[in-house]
Amino acid sequence: MNKGEKIFVAGHRGMVGSALVRCLEARGYGNLVVRTRDELDLMRQGDVEKFIVEERPDYIFLAAARVGGIHANNTFRADFIYENLIIEANIVHAAWKSGVNRLLFLGSSCIYPRDCAQPIKEEYLLTGPLEQTNEPYALAKIAGLKLCESYNRQYGTNYVSVMPTNLYGPNDNYNLLESHVLPALIRKAHEAKIRGDRQLTVWGTGTPRREFLYVEDMAEACVFLMEQEVTDGVFNVGTGCDVTIGELAETVIRVVGFEGSITFDTSRPDGTPQKLLDVGKMRDLGWVAKTGLFEGITRAYEDFLKSHHS
Ligand code: GFB
């Protein structure tokens, strides 16, 4: 990527998109194009085509998506599959039509089979059934990476896909029914501390294992990949280490300073038992995650305090 070339970040107000904008600007990429939802509805095919034809970006980061934690995925199943399919189809097709040669699509580690071998290699895609709580979302994301692959094969574009593990950091969603586990636990621990509660309730059994990546690291991985001569394929992005949800909750309460105990609400679903990514492909290219879990949670908690409780 040259510093002056035009870069469209789709979804720049989200957690990943906003981290991408900060990362690109910090690296001297000054020609960024962004649109709010009011300015451009990515669900409208005609509007997306008109925008991309007129702006004709050199690069697109496709970070716009309908996302959420286990409860939101399991509840808003139609919205998650429909909105994600439409957004990615609109952008990838319009990109090809207007001659945009480089695009990076953001997927998710939940695209891999529920019970596949760990750590998960990119080649395990489509080798078994998916986790039920997020199957609609996972199918939409699989379609997204297949869109990229198919346009590359038929039309010679250079569209790559990244599959991040569970992300967290600034601009996360702290709504308890929509959020992922990490922001939910930060908020619950903070509010329990303020109220002086004795207990904090964690969903599920606490035994599922998850891998957490700080979103600034994710943004760096995306920009790093766009800067390489990589023209096709799927790349896992994570830390290569996971923890149980119980261990995560212990770490969060330590950071927040909540001194009560943890109880588990086993009426809530656990989701997939483990999804630890094999990050060898990115490591071989020269990228590894920098931010440790304790440090990342500390920074996320600072951001939570600033944006929600200032
Ligand atoms: O982060 P999370 O919602 O999503 O939940 P997934 C991870 C684990 O944390 C599950 C447990 O076992 C939850 O039961 N958990 C414990 C909690 N307490 C809480 C809580 O207060 N809130 C939440 N949300 N979880 C999502 C997928 O799966 O991960 C998406 O549904 C996407 O498709 C995303 O892939 C990265 O890791 O289970």
# chains A, B, ... in the order shown; residues from 1 in each chain; ligands from 1

call {"tool": "residues_around", "arguments": {"residues": "His308 in chain A", "least_positions_apart": "4", "cutoff": "9 Å", "atoms": "only C-alpha atoms", "output": "ChimeraX atom specification"}}
result
/A:174,303-304

call {"tool": "residues_near_ligand", "arguments": {"ligand": "ligand 1", "cutoff": "8 Å", "atoms": "only C-alpha atoms and all ligand atoms", "output": "PyMOL selection string"}}
result
chain A and resi 67-74+108-111+133-135+137-138+164-167+176-185+188+201-210+245+264+268-273

call {"tool": "closest_atom_pairs", "arguments": {"of": "range 87-174 of chain A", "to": "range 288-300 of chain A", "cutoff": "10 Å", "atoms": "only C-alpha atoms", "output": "Markdown table"}}
result
| residue | atom | partner | partner_atom | distance |
| --- | --- | --- | --- | --- |
| A:Tyr168 | CA | A:Ala300 | CA | 7.4 |
| A:Gly169 | CA | A:Ala300 | CA | 4.8 |
| A:Pro170 | CA | A:Ala300 | CA | 6.0 |
| A:Asn171 | CA | A:Ala300 | CA | 9.0 |
| A:Asp172 | CA | A:Ala300 | CA | 8.6 |

call {"tool": "residues_around", "arguments": {"residues": "Cys241 in chain A", "least_positions_apart": "6", "cutoff": "9 Å", "atoms": "only C-alpha atoms", "output": "ChimeraX atom specification"}}
result
/A:210-212,276-277

call {"tool": "write_last_selection", "arguments": {"atoms": "C-alpha atoms", "output": "JSON list (two decimals), in the first residue's frame"}}
result
[["chain", "number", "residue", "atom", "x", "y", "z"],
["A", 210, "ARG", "CA", -11.57, -18.97, 24.41],
["A", 211, "GLU", "CA", -8.69, -17.04, 22.88],
["A", 212, "PHE", "CA", -8.82, -13.23, 23.22],
["A", 276, "LEU", "CA", -8.02, -21.94, 19.62],
["A", 277, "LEU", "CA", -6.54, -20.75, 16.35]]

call {"tool": "closest_residue", "arguments": {"among": "A:Val243, A:Leu24, A:Cys148, A:Leu200", "to": "Phe224 in chain A", "atoms": "only C-alpha atoms"}}
result
A:Leu24

call {"tool": "atom_distance", "arguments": {"atom1": "CA of Ile7 in chain A", "atom2": "CA of Leu225 in chain A"}}
result
14.3 Å

call {"tool": "residues_around", "arguments": {"residues": "Ala221 in chain A", "least_positions_apart": "3", "cutoff": "12 Å", "atoms": "only C-alpha atoms", "output": "ChimeraX atom specification"}}
result
/A:16,19-20,23-24,104,106,161-164,213-218,224-228,235-239,279,281-283,285-290

call {"tool": "select_by_dssp", "arguments": {"residues": "range 68-208 of chain A", "states": "helix (DSSP H, G or I)", "output": "PyMOL selection string"}}
result
chain A and resi 70-75+77-97+109-111+122-124+132-155+181-195

call {"tool": "closest_residue", "arguments": {"among": "A:Asp38, A:Glu49, A:Glu83, A:Asp58", "to": "Ala140 in chain A", "atoms": "only C-alpha atoms"}}
result
A:Glu83

call {"tool": "atom_distance", "arguments": {"atom1": "CA of Gly280 in chain A", "atom2": "CA of Asp115 in chain A"}}
result
20.2 Å

call {"tool": "atom_distance", "arguments": {"atom1": "CA of Ala219 in chain A", "atom2": "CA of Ala189 in chain A"}}
result
27.2 Å

call {"tool": "residues_around", "arguments": {"residues": "range 230-233 of chain A", "least_positions_apart": "5", "cutoff": "6 Å", "atoms": "only C-alpha atoms", "output": "PyMOL selection string"}}
result
chain A and resi 158-160

call {"tool": "write_last_selection", "arguments": {"atoms": "N, CA, C and O atoms", "output": "PDB file, in the first residue's frame"}}
result
ATOM      1  N   ASN A 158      -7.639  -9.634  -6.052  1.00  0.00           N
ATOM      2  CA  ASN A 158      -6.737 -10.042  -4.967  1.00  0.00           C
ATOM      3  C   ASN A 158      -7.409  -9.758  -3.634  1.00  0.00           C
ATOM      4  O   ASN A 158      -7.048  -8.799  -2.942  1.00  0.00           O
ATOM      5  N   TYR A 159      -8.391 -10.557  -3.286  1.00  0.00           N
ATOM      6  CA  TYR A 159      -9.144 -10.333  -2.052  1.00  0.00           C
ATOM      7  C   TYR A 159      -8.749 -11.398  -1.022  1.00  0.00           C
ATOM      8  O   TYR A 159      -8.811 -12.597  -1.311  1.00  0.00           O
ATOM      9  N   VAL A 160      -8.344 -10.937   0.164  1.00  0.00           N
ATOM     10  CA  VAL A 160      -7.929 -11.892   1.209  1.00  0.00           C
ATOM     11  C   VAL A 160      -8.890 -11.810   2.396  1.00  0.00           C
ATOM     12  O   VAL A 160      -9.585 -10.809   2.589  1.00  0.00           O
TER      13      VAL A 160
END

call {"tool": "select_by_dssp", "arguments": {"residues": "range 58-157 of chain A", "states": "strand (DSSP E)", "output": "list of chain:residue names"}}
result
A:Tyr59, A:Ile60, A:Phe61, A:Leu62, A:Arg102, A:Leu103, A:Leu104, A:Phe105, A:Leu106

call {"tool": "closest_residue", "arguments": {"among": "A:Lys6, A:Glu229, A:Pro113, A:Ile91", "to": "Leu40 in chain A", "atoms": "only C-alpha atoms"}}
result
A:Ile91

call {"tool": "closest_residue", "arguments": {"among": "A:Leu85, A:Val9, A:Met1, A:Ile142", "to": "Gly28 in chain A", "atoms": "only C-alpha atoms"}}
result
A:Met1

call {"tool": "closest_residue", "arguments": {"among": "A:Arg254, A:Lys97, A:His190, A:Lys141", "to": "Leu125 in chain A", "atoms": "only C-alpha atoms"}}
result
A:Lys141
